[in-house]
>>> print(open('run.cif').read())   # mmCIF, C-alpha atoms and all ligand atoms
data_run
loop_
_atom_site.label_atom_id
_atom_site.label_comp_id
_atom_site.auth_asym_id
_atom_site.auth_seq_id
_atom_site.Cartn_x
_atom_site.Cartn_y
_atom_site.Cartn_z
CA MET A 10 22.66 46.48 20.10
CA SER A 11 20.28 43.81 19.03
CA TRP A 12 17.82 44.34 21.88
CA TRP A 13 17.02 47.81 20.61
CA PRO A 14 14.91 47.28 17.52
CA PHE A 15 15.15 50.78 16.03
CA SER A 16 18.82 51.46 16.23
CA GLY A 17 19.67 49.52 13.07
CA LYS A 18 22.57 47.18 12.79
CA SER A 19 25.61 47.86 14.90
CA SER A 20 28.90 48.35 13.11
CA LYS A 21 30.04 44.91 14.15
CA ASP A 22 26.91 43.27 12.75
CA LYS A 23 27.58 44.98 9.45
CA LEU A 24 31.16 43.78 9.59
CA LYS A 25 30.03 40.28 10.38
CA ASP A 26 27.73 40.17 7.35
CA ARG A 27 30.47 41.53 5.10
CA LEU A 28 33.06 39.13 6.44
CA LYS A 29 30.82 36.13 5.89
CA VAL A 30 30.38 37.03 2.24
CA VAL A 31 34.04 37.87 1.71
CA LEU A 32 35.21 34.64 3.31
CA ALA A 33 32.77 32.59 1.28
CA TYR A 34 34.29 34.02 -1.90
CA ASP A 35 37.83 33.62 -0.55
CA ARG A 36 37.24 30.00 0.36
CA ALA A 37 35.69 29.26 -3.01
CA HIS A 38 38.64 30.94 -4.75
CA LEU A 39 36.21 33.15 -6.60
CA SER A 40 36.23 36.84 -7.13
CA PRO A 41 32.95 38.65 -6.57
CA GLY A 42 33.25 40.37 -9.95
CA LEU A 43 33.63 37.04 -11.71
CA VAL A 44 30.53 35.66 -10.04
CA ASP A 45 28.70 38.80 -11.07
CA SER A 46 29.49 38.31 -14.72
CA LEU A 47 28.72 34.60 -14.44
CA LYS A 48 25.31 35.59 -13.11
CA LYS A 49 24.75 37.91 -16.05
CA ASP A 50 25.78 35.25 -18.58
CA LEU A 51 23.58 32.62 -16.97
CA LEU A 52 20.64 35.01 -17.02
CA ASP A 53 21.21 35.70 -20.69
CA VAL A 54 21.17 32.00 -21.46
CA LEU A 55 18.07 31.42 -19.36
CA LYS A 56 16.31 34.30 -21.11
CA ARG A 57 17.12 32.69 -24.45
CA TYR A 58 15.39 29.52 -23.42
CA PHE A 59 12.56 31.10 -21.47
CA PRO A 60 11.87 34.34 -23.30
CA GLU A 61 8.36 34.59 -21.90
CA GLU A 62 9.19 34.11 -18.27
CA GLU A 63 9.29 36.95 -15.83
CA GLY A 64 11.19 36.82 -12.59
CA LEU A 65 14.22 34.79 -13.66
CA GLU A 66 16.74 35.21 -10.93
CA ILE A 67 20.21 34.05 -10.02
CA HIS A 68 21.49 34.61 -6.56
CA VAL A 69 24.37 33.64 -4.37
CA GLU A 70 23.63 32.30 -0.97
CA THR A 71 26.12 31.57 1.74
CA ILE A 72 25.16 28.98 4.29
CA ASP A 73 27.72 28.52 7.01
CA ASP A 74 30.92 28.29 5.04
CA LYS A 75 29.39 26.96 1.85
CA MET A 76 28.46 29.04 -1.12
CA LYS A 77 25.54 28.23 -3.37
CA LEU A 78 24.66 29.70 -6.72
CA GLN A 79 20.92 29.42 -7.16
CA ALA A 80 18.81 29.94 -10.23
CA ASP A 81 15.13 30.71 -9.82
CA VAL A 82 13.34 29.76 -12.99
CA PRO A 83 9.57 29.88 -12.70
CA ILE A 84 8.13 27.79 -15.50
CA ARG A 85 4.56 28.40 -16.53
CA GLN A 86 2.46 25.34 -17.17
CA MET B 17 47.42 20.13 22.68
CA ASN B 18 49.22 17.03 21.64
CA ALA B 19 51.36 19.05 19.29
CA ARG B 20 54.85 19.66 20.61
CA ALA B 21 55.97 21.79 17.70
CA ILE B 22 53.57 24.71 17.48
CA VAL B 23 53.72 27.56 14.99
CA VAL B 24 52.39 30.95 16.07
CA THR B 25 51.00 32.63 13.01
CA SER B 26 48.39 35.07 11.69
CA GLY B 27 48.82 36.13 8.10
CA LYS B 28 48.52 39.79 8.95
CA GLY B 29 51.43 41.53 10.64
CA GLY B 30 51.30 43.36 13.92
CA VAL B 31 48.50 41.33 15.48
CA GLY B 32 50.55 39.84 18.32
CA LYS B 33 52.45 36.76 17.12
CA THR B 34 55.72 37.74 18.74
CA THR B 35 53.97 38.88 21.91
CA THR B 36 52.10 35.57 22.07
CA THR B 37 55.21 33.49 21.40
CA ALA B 38 57.20 35.26 24.12
CA ASN B 39 54.47 35.17 26.73
CA VAL B 40 53.05 31.72 26.09
CA GLY B 41 56.61 30.40 25.96
CA ALA B 42 57.41 32.02 29.29
CA ALA B 43 54.15 30.78 30.77
CA LEU B 44 54.80 27.19 29.65
CA ALA B 45 58.23 27.38 31.25
CA LYS B 46 56.70 28.75 34.42
CA LEU B 47 54.41 25.73 34.46
CA GLY B 48 57.46 23.50 34.35
CA GLU B 49 57.98 22.72 30.69
CA LYS B 50 61.28 22.95 28.91
CA VAL B 51 60.44 25.29 26.04
CA ALA B 52 62.34 26.59 23.04
CA VAL B 53 60.95 29.67 21.32
CA ILE B 54 62.29 30.14 17.80
CA ASP B 55 62.23 33.37 15.84
CA VAL B 56 61.76 32.58 12.17
CA ASP B 57 61.25 36.18 11.07
CA VAL B 58 64.59 36.20 9.29
CA GLY B 59 65.77 39.74 8.63
CA LEU B 60 63.29 41.22 11.10
CA ARG B 61 64.49 39.78 14.39
CA ASN B 62 62.27 40.84 17.27
CA LEU B 63 61.59 38.04 19.67
CA ASP B 64 64.98 38.64 21.32
CA VAL B 65 64.17 42.25 22.24
CA VAL B 66 60.62 41.51 23.31
CA MET B 67 62.03 38.90 25.69
CA GLY B 68 64.89 41.13 26.80
CA LEU B 69 67.57 38.70 25.59
CA GLU B 70 69.00 40.80 22.76
CA GLY B 71 72.27 41.42 24.56
CA ARG B 72 73.12 37.74 24.55
CA VAL B 73 72.72 36.94 20.87
CA VAL B 74 75.91 35.57 19.34
CA TYR B 75 74.77 33.00 16.82
CA ASP B 76 71.41 32.65 15.15
CA LEU B 77 69.09 30.21 13.43
CA ILE B 78 70.75 30.59 10.03
CA ASP B 79 74.18 29.95 11.55
CA VAL B 80 72.82 26.67 12.88
CA ILE B 81 71.10 25.71 9.63
CA GLU B 82 74.20 26.49 7.59
CA GLY B 83 76.50 24.71 9.99
CA ARG B 84 78.49 27.72 11.23
CA CYS B 85 77.83 26.79 14.84
CA LYS B 86 76.43 23.96 16.91
CA LEU B 87 72.75 24.07 17.78
CA ARG B 88 73.56 24.44 21.46
CA GLN B 89 75.81 27.43 20.83
CA ALA B 90 72.90 29.39 19.39
CA LEU B 91 70.44 28.57 22.18
CA ILE B 92 70.02 31.36 24.74
CA ARG B 93 68.78 30.27 28.11
CA ASP B 94 66.65 32.78 29.95
CA LYS B 95 68.27 33.11 33.35
CA ARG B 96 65.10 34.54 34.89
CA LEU B 97 63.04 31.53 34.05
CA GLU B 98 64.29 27.99 34.22
CA GLY B 99 63.31 26.00 31.15
CA LEU B 100 62.90 28.92 28.76
CA THR B 101 65.27 29.07 25.78
CA LEU B 102 65.40 31.38 22.77
CA LEU B 103 66.76 30.61 19.34
CA PRO B 104 67.02 34.01 17.62
CA ALA B 105 66.50 34.78 13.95
CA SER B 106 69.25 36.21 11.83
CA GLN B 107 68.97 39.94 11.41
CA THR B 108 71.24 40.22 8.40
CA LYS B 109 70.93 37.17 6.25
CA ASP B 110 68.51 36.49 3.47
CA LYS B 111 65.37 34.59 4.34
CA GLU B 112 66.02 32.28 1.42
CA ALA B 113 68.83 30.90 3.58
CA LEU B 114 66.35 29.04 5.76
CA ASP B 115 65.90 25.63 4.24
CA PRO B 116 62.53 24.18 5.31
CA GLU B 117 63.70 20.59 5.48
CA LYS B 118 66.79 21.41 7.54
CA PHE B 119 64.61 23.53 9.79
CA ARG B 120 62.25 20.62 10.32
CA GLN B 121 65.16 18.36 11.22
CA MET B 122 66.53 20.92 13.67
CA VAL B 123 63.18 21.19 15.48
CA GLN B 124 63.09 17.41 15.61
CA VAL B 125 66.52 17.38 17.25
CA LEU B 126 65.35 19.92 19.86
CA LEU B 127 62.40 17.72 20.75
CA SER B 128 64.02 14.31 20.61
CA GLU B 129 67.67 14.86 21.53
CA GLU B 130 67.90 18.15 23.40
CA GLY B 131 65.08 17.29 25.76
CA PHE B 132 62.65 20.08 24.98
CA ASP B 133 59.00 19.43 25.79
CA ARG B 134 57.71 22.08 23.44
CA VAL B 135 58.88 24.27 20.59
CA LEU B 136 57.06 27.50 19.75
CA ILE B 137 57.82 28.95 16.33
CA ASP B 138 57.23 32.68 15.81
CA SER B 139 56.22 32.96 12.18
CA PRO B 140 56.77 35.99 9.97
CA ALA B 141 53.72 37.77 8.57
CA GLY B 142 52.41 36.83 5.17
CA ILE B 143 51.49 33.58 3.48
CA GLU B 144 54.62 33.06 1.44
CA LYS B 145 57.84 31.20 1.95
CA GLY B 146 58.61 32.58 5.41
CA PHE B 147 55.31 31.39 6.81
CA GLN B 148 55.51 28.12 4.90
CA THR B 149 58.95 27.39 6.31
CA ALA B 150 57.86 28.29 9.83
CA ALA B 151 54.93 25.89 9.49
CA THR B 152 57.01 23.03 8.09
CA PRO B 153 57.90 21.35 11.41
CA ALA B 154 54.59 22.26 13.08
CA GLU B 155 52.01 19.75 14.27
CA GLY B 156 49.73 22.45 15.58
CA ALA B 157 49.22 26.18 15.40
CA LEU B 158 48.17 29.15 17.44
CA VAL B 159 46.45 31.46 14.98
CA VAL B 160 46.56 34.94 16.43
CA VAL B 161 43.64 37.10 15.36
CA ASN B 162 42.44 40.57 16.30
CA PRO B 163 38.66 41.14 16.23
CA GLU B 164 38.94 43.32 13.17
CA VAL B 165 38.16 42.91 9.50
CA SER B 166 41.52 42.33 7.83
CA SER B 167 42.92 40.21 10.61
CA VAL B 168 39.92 37.88 10.55
CA ARG B 169 40.09 37.55 6.79
CA ASP B 170 43.81 36.77 6.89
CA ALA B 171 43.32 34.28 9.70
CA ASP B 172 40.82 32.41 7.56
CA ARG B 173 43.35 32.22 4.78
CA ILE B 174 46.04 30.98 7.13
CA ILE B 175 43.79 28.32 8.64
CA GLY B 176 43.06 27.05 5.12
CA MET B 177 46.78 26.90 4.36
CA LEU B 178 47.57 25.11 7.61
CA GLU B 179 44.93 22.50 6.86
CA ALA B 180 46.36 22.09 3.37
CA ARG B 181 49.75 21.43 5.00
CA GLU B 182 48.09 18.90 7.28
CA VAL B 183 48.75 20.95 10.38
CA ARG B 184 45.64 19.93 12.20
CA GLU B 185 45.68 21.10 15.80
CA ASN B 186 44.84 24.70 15.16
CA TYR B 187 43.53 27.10 17.76
CA LEU B 188 42.64 30.76 17.80
CA VAL B 189 44.25 33.26 20.11
CA ILE B 190 41.90 36.22 20.04
CA ASN B 191 44.12 39.17 20.90
CA ARG B 192 43.51 42.85 21.61
CA LEU B 193 39.87 42.37 22.49
CA ARG B 194 38.28 45.53 23.85
CA PRO B 195 35.33 44.50 26.02
CA LYS B 196 33.78 47.96 26.09
CA MET B 197 33.69 48.15 22.32
CA VAL B 198 32.25 44.65 22.16
CA ALA B 199 29.55 45.67 24.62
CA LYS B 200 28.68 48.66 22.45
CA GLY B 201 28.40 46.48 19.36
CA ASP B 202 31.40 48.11 17.71
CA MET B 203 33.77 45.16 17.88
CA LEU B 204 33.34 41.52 16.97
CA SER B 205 32.89 39.40 20.07
CA VAL B 206 34.74 36.17 20.77
CA ASP B 207 31.63 34.25 19.69
CA ASP B 208 31.47 36.20 16.43
CA VAL B 209 35.09 35.47 15.57
CA VAL B 210 34.70 31.81 16.44
CA GLU B 211 31.51 31.55 14.39
CA ILE B 212 32.99 33.28 11.35
CA LEU B 213 36.25 31.33 11.34
CA GLY B 214 34.85 28.01 12.47
CA ALA B 215 37.94 27.33 14.59
CA LYS B 216 38.33 26.67 18.28
CA PRO B 217 39.58 29.41 20.59
CA ILE B 218 42.32 28.62 23.09
CA GLY B 219 42.58 32.05 24.62
CA ILE B 220 41.25 35.56 24.76
CA VAL B 221 43.73 38.34 25.42
CA PRO B 222 42.34 41.80 26.13
CA GLU B 223 43.86 45.03 24.90
CA ASP B 224 46.23 45.85 27.73
CA GLU B 225 48.87 48.55 27.95
CA GLY B 226 50.84 46.21 30.14
CA VAL B 227 51.78 44.36 26.94
CA LEU B 228 53.66 47.34 25.55
CA ILE B 229 55.23 48.13 28.89
CA SER B 230 56.45 44.56 29.24
CA SER B 231 58.01 44.64 25.76
CA ASN B 232 59.60 47.99 26.56
CA LYS B 233 61.25 46.39 29.56
CA GLY B 234 61.96 43.10 27.86
CA GLU B 235 60.14 41.21 30.57
CA PRO B 236 57.47 38.68 29.66
CA LEU B 237 54.20 39.54 31.44
CA VAL B 238 53.98 36.25 33.23
CA LEU B 239 57.25 37.01 35.00
CA SER B 240 55.93 40.04 36.78
CA ASN B 241 52.56 41.41 37.74
CA GLY B 242 49.05 40.13 37.57
CA SER B 243 48.02 42.03 34.46
CA LEU B 244 44.92 40.86 32.58
CA ALA B 245 46.91 40.00 29.47
CA GLY B 246 49.50 38.14 31.56
CA LYS B 247 46.74 36.06 33.11
CA ALA B 248 45.30 35.35 29.67
CA PHE B 249 48.67 34.12 28.36
CA LEU B 250 49.14 31.92 31.40
CA GLU B 251 45.73 30.38 30.82
CA ILE B 252 46.62 29.70 27.19
CA ALA B 253 49.68 27.80 28.39
CA GLN B 254 47.53 25.83 30.82
CA ARG B 255 45.10 24.89 28.06
CA ILE B 256 47.97 23.88 25.77
CA ARG B 257 49.02 21.53 28.56
CA GLY B 258 45.54 20.10 28.63
CA GLU B 259 44.42 21.68 31.89
CA ASN B 260 40.75 22.39 31.98
CA VAL B 261 40.57 26.16 32.36
CA PRO B 262 37.19 27.59 31.35
CA LEU B 263 37.35 30.14 28.59
CA ALA B 264 35.68 33.38 29.63
CA ALA B 265 35.60 36.52 27.57
CA PRO B 266 36.88 39.36 29.74
CA ALA B 267 33.92 41.22 31.25
CA GLU B 268 31.83 41.74 28.16
CA SER B 269 28.82 42.81 30.06
CA GLN B 270 29.73 45.91 31.95
CA GLY B 271 27.93 44.87 35.09
CA PHE B 272 24.73 46.41 36.35
CA MET B 273 25.75 50.01 35.75
CA GLY B 274 26.82 49.20 32.23
CA THR B 275 23.54 47.52 31.47
CA LEU B 276 21.69 50.52 32.89
CA ARG B 277 23.77 52.90 30.81
CA ARG B 278 23.03 50.89 27.70
CA LEU B 279 19.33 50.76 28.46
CA LEU B 280 19.24 54.50 28.91
CA GLY B 281 21.62 55.48 26.20
CA GLY B 282 20.36 53.43 23.27
CA ARG B 283 23.49 51.65 22.14
N1 LIG A 301 46.92 42.45 23.95
C1 LIG A 301 47.60 43.53 23.57
N2 LIG A 301 47.37 44.73 24.14
C2 LIG A 301 48.07 45.83 23.76
N3 LIG A 301 49.04 45.83 22.84
C3 LIG A 301 49.33 44.67 22.22
C4 LIG A 301 48.65 43.47 22.55
N4 LIG A 301 49.17 42.48 21.78
C5 LIG A 301 50.13 43.03 21.02
N5 LIG A 301 50.24 44.36 21.27
C6 LIG A 301 51.16 45.30 20.63
O1 LIG A 301 51.01 45.22 19.23
C7 LIG A 301 52.23 45.39 18.55
C8 LIG A 301 52.49 44.24 17.61
O2 LIG A 301 52.67 43.04 18.34
P1 LIG A 301 53.65 41.90 17.84
O3 LIG A 301 53.57 40.80 18.85
O4 LIG A 301 54.98 42.43 17.51
O5 LIG A 301 52.90 41.47 16.50
P2 LIG A 301 53.41 40.51 15.31
O6 LIG A 301 54.51 39.67 15.83
O7 LIG A 301 52.19 39.72 14.95
O8 LIG A 301 53.83 41.42 14.22
C9 LIG A 301 53.30 45.53 19.63
O9 LIG A 301 53.57 46.88 19.82
C10 LIG A 301 52.62 44.94 20.87
O10 LIG A 301 53.10 45.54 22.05
MG MG A 302 56.50 39.44 14.98
#
>>> encode(input="run.cif", output="structure tokens")
Amino acid sequence: MSWWPFSGKSSKDKLKDRLKVVLAYDRAHLSPGLVDSLKKDLLDVLKRYFPEEEGLEIHVETIDDKMKLQADVPIRQ
Amino acid sequence: MNARAIVVTSGKGGVGKTTTTANVGAALAKLGEKVAVIDVDVGLRNLDVVMGLEGRVVYDLIDVIEGRCKLRQALIRDKRLEGLTLLPASQTKDKEALDPEKFRQMVQVLLSEEGFDRVLIDSPAGIEKGFQTAATPAEGALVVVNPEVSSVRDADRIIGMLEAREVRENYLVINRLRPKMVAKGDMLSVDDVVEILGAKPIGIVPEDEGVLISSNKGEPLVLSNGSLAGKAFLEIAQRIRGENVPLAAPAESQGFMGTLRRLLGGR
């Protein structure tokens, strides 16, 4: 239960998180494995262009029923 | 709902489509509508036994579609409930035999010439041809979902397909809810399901052994006792008719003692 801070997530909260991710992929007609390899490829490309940069990151965010692929590319000045 | 032709569907099998069709159909009839319930699960006929009308089946849907009998000859009027009529599926023929366009026309005839107020279509499981055909005449849908992982996922898929078919008046029937498990955090709540699927609920049906007993007897719940599930199905029918019946999840908080138990027992 959510009122009890130490008990961790209930099984239904875990299910809810999983379902949200699964449905986002379903709705986007994407398979999670495909997105994973897309992430790897994108990272490789980014590393080619920004070989010096640390902390390049690609992540998938789901907001409501929309899915967003985000690249974090810190660029040093 | 404005929709007069309503498909009852779910994607996943065994979640309560046939139960919902039988009971909401009976409830609508009880409220005074002239209702036809149609079994489109060709090859797996079930609505007839759940409603207790199996002994009166002579002709079926495919016989009508293929012109072996007149529409009226295949319609079975429920003698216990004025206004309730069943059109059974074929148990033997191939499901390919059901032509979607002819099926649409037949539903149209029921609504415009045979004087039915409402047609409920019990869809087969799956997302393929059987479901697609069942959805062809539909203007709206009752998407039956259990608060459980695969059912919710399949419901999402079905809702997407309904929208793609331009079936727009889609509502969730959340079936087999177990309030105690919800209270313990071990089952998705009504709010969770609604949030995840982004669709409107039209009814919440608790897990109720009365459902099985009523199918055993072939007596729709709304005909007999005041079971919780029977009440839920009646309320769904009222909401379909546009009556303003507040939607309340069945006793999710377990009252004072339940709260106390939770406070003491952790979860
Ligand atoms: N609210 C409920 N409580 C208890 N049992 C239920 C409930 N709804 C459905 N069932 C049972 O679940 C089984 C599957 O239901 P059914 O309506 O045949 O599903 P479907 O048509 O989607 O395959 C049946 O045995 C039915 O009695
Ligand atoms: Mg069924």
>>> residues_near_ligand(input="run.cif", ligand="ligand MG 302 (chain A)", cutoff="12 Å", atoms="all atoms listed in the file", output="compact mmCIF listing (two decimals) with C-alpha atoms, in the coordinates of the input")
# COMPACT_ATOMS: atom_id res chain seq x y z
CA VAL B 24 52.39 30.95 16.07
CA THR B 25 51.00 32.63 13.01
CA SER B 26 48.39 35.07 11.69
CA GLY B 27 48.82 36.13 8.10
CA LYS B 28 48.52 39.79 8.95
CA GLY B 29 51.43 41.53 10.64
CA GLY B 30 51.30 43.36 13.92
CA VAL B 31 48.50 41.33 15.48
CA GLY B 32 50.55 39.84 18.32
CA LYS B 33 52.45 36.76 17.12
CA THR B 34 55.72 37.74 18.74
CA THR B 35 53.97 38.88 21.91
CA THR B 36 52.10 35.57 22.07
CA THR B 37 55.21 33.49 21.40
CA ALA B 38 57.20 35.26 24.12
CA ILE B 54 62.29 30.14 17.80
CA ASP B 55 62.23 33.37 15.84
CA VAL B 56 61.76 32.58 12.17
CA ASP B 57 61.25 36.18 11.07
CA VAL B 58 64.59 36.20 9.29
CA GLY B 59 65.77 39.74 8.63
CA LEU B 60 63.29 41.22 11.10
CA ARG B 61 64.49 39.78 14.39
CA ASN B 62 62.27 40.84 17.27
CA LEU B 63 61.59 38.04 19.67
CA ASP B 64 64.98 38.64 21.32
CA VAL B 65 64.17 42.25 22.24
CA VAL B 66 60.62 41.51 23.31
CA ALA B 105 66.50 34.78 13.95
CA ILE B 137 57.82 28.95 16.33
CA ASP B 138 57.23 32.68 15.81
CA SER B 139 56.22 32.96 12.18
CA PRO B 140 56.77 35.99 9.97
CA ALA B 141 53.72 37.77 8.57
CA GLY B 142 52.41 36.83 5.17
CA GLY B 146 58.61 32.58 5.41
CA PHE B 147 55.31 31.39 6.81
CA VAL B 160 46.56 34.94 16.43
>>> interface_residues(input="run.cif", of="chain A", to="chain B", cutoff="7 Å", atoms="all atoms listed in the file", output="ChimeraX atom specification")
/A:10,19-21,29,32
>>> write_last_selection(input="run.cif", atoms="C-alpha atoms", output="mmCIF file, keeping the file's coordinate frame")
data_model
loop_
_atom_site.group_PDB
_atom_site.id
_atom_site.type_symbol
_atom_site.label_atom_id
_atom_site.label_comp_id
_atom_site.auth_asym_id
_atom_site.auth_seq_id
_atom_site.Cartn_x
_atom_site.Cartn_y
_atom_site.Cartn_z
ATOM 1 C CA MET A 10 22.660 46.480 20.100
ATOM 2 C CA SER A 19 25.610 47.860 14.900
ATOM 3 C CA SER A 20 28.900 48.350 13.110
ATOM 4 C CA LYS A 21 30.040 44.910 14.150
ATOM 5 C CA LYS A 29 30.820 36.130 5.890
ATOM 6 C CA LEU A 32 35.210 34.640 3.310
#
>>> residues_around(input="run.cif", residues="Val206 (chain B)", least_positions_apart="6", cutoff="8 Å", atoms="all atoms listed in the file", output="NGL selection string")
:B and (163 or 190 or 220 or 265)
>>> atom_distance(input="run.cif", atom1="CA of Leu126 (chain B)", atom2="CA of Glu182 (chain B)")
21.4 Å
>>> residues_around(input="run.cif", residues="region 39-45 of chain A", least_positions_apart="2", cutoff="12 Å", atoms="only C-alpha atoms", output="list in words")
Val30, Val31, Leu32, Ala33, Tyr34, Asp35, Arg36, Ala37, Leu47, Lys48, Lys49, Asp50, Leu51, Leu52, Ile67, His68, Val69, Glu70, Met76, Lys77, Leu78 and Gln79 of chain A
>>> atom_distance(input="run.cif", atom1="CA of Val51 (chain B)", atom2="CA of Leu193 (chain B)")
27.0 Å
>>> closest_residue(input="run.cif", among="B:Val159, B:Leu77, B:Leu178, B:Val221", to="ligand LIG 301 (chain A)", atoms="only C-alpha atoms and all ligand atoms")
B:Val221
>>> atom_distance(input="run.cif", atom1="CA of Glu155 (chain B)", atom2="CA of Gln124 (chain B)")
11.4 Å
>>> closest_residue(input="run.cif", among="B:Leu158, B:Ala151, B:Ala113, B:Leu100", to="ligand LIG 301 (chain A)", atoms="all atoms listed in the file")
B:Leu158
>>> closest_residue(input="run.cif", among="B:Lys109, B:Arg181, B:Arg93, B:Arg134", to="Ile81 (chain B)", atoms="all atoms listed in the file")
B:Lys109
>>> residues_around(input="run.cif", residues="region 236-252 of chain B", least_positions_apart="4", cutoff="8 Å", atoms="only C-alpha atoms", output="list in words")
Thr36, Ala38, Asn39, Val40, Ala42, Ala43, Leu44, Val66, Met67, Ile218, Gly219, Ile220, Val221, Pro222, Glu223, Asp224, Gly226, Val227, Ser230, Ser231, Ile256 and Val261 of chain B
>>> closest_residue(input="run.cif", among="B:Glu70, B:Glu82, B:Asp110, B:Glu49", to="Arg257 (chain B)", atoms="only C-alpha atoms")
B:Glu49
>>> closest_residue(input="run.cif", among="B:Leu47, B:Ala253, B:Asn232, B:Ala154", to="Val189 (chain B)", atoms="all atoms listed in the file")
B:Ala253
>>> closest_residue(input="run.cif", among="A:Lys18, A:Glu61, A:Val54, A:Asp26", to="Ala80 (chain A)", atoms="all atoms listed in the file")
A:Val54
>>> residues_around(input="run.cif", residues="Arg85 (chain A)", least_positions_apart="4", cutoff="12 Å", atoms="all atoms listed in the file", output="PyMOL selection string")
chain A and resi 59-65
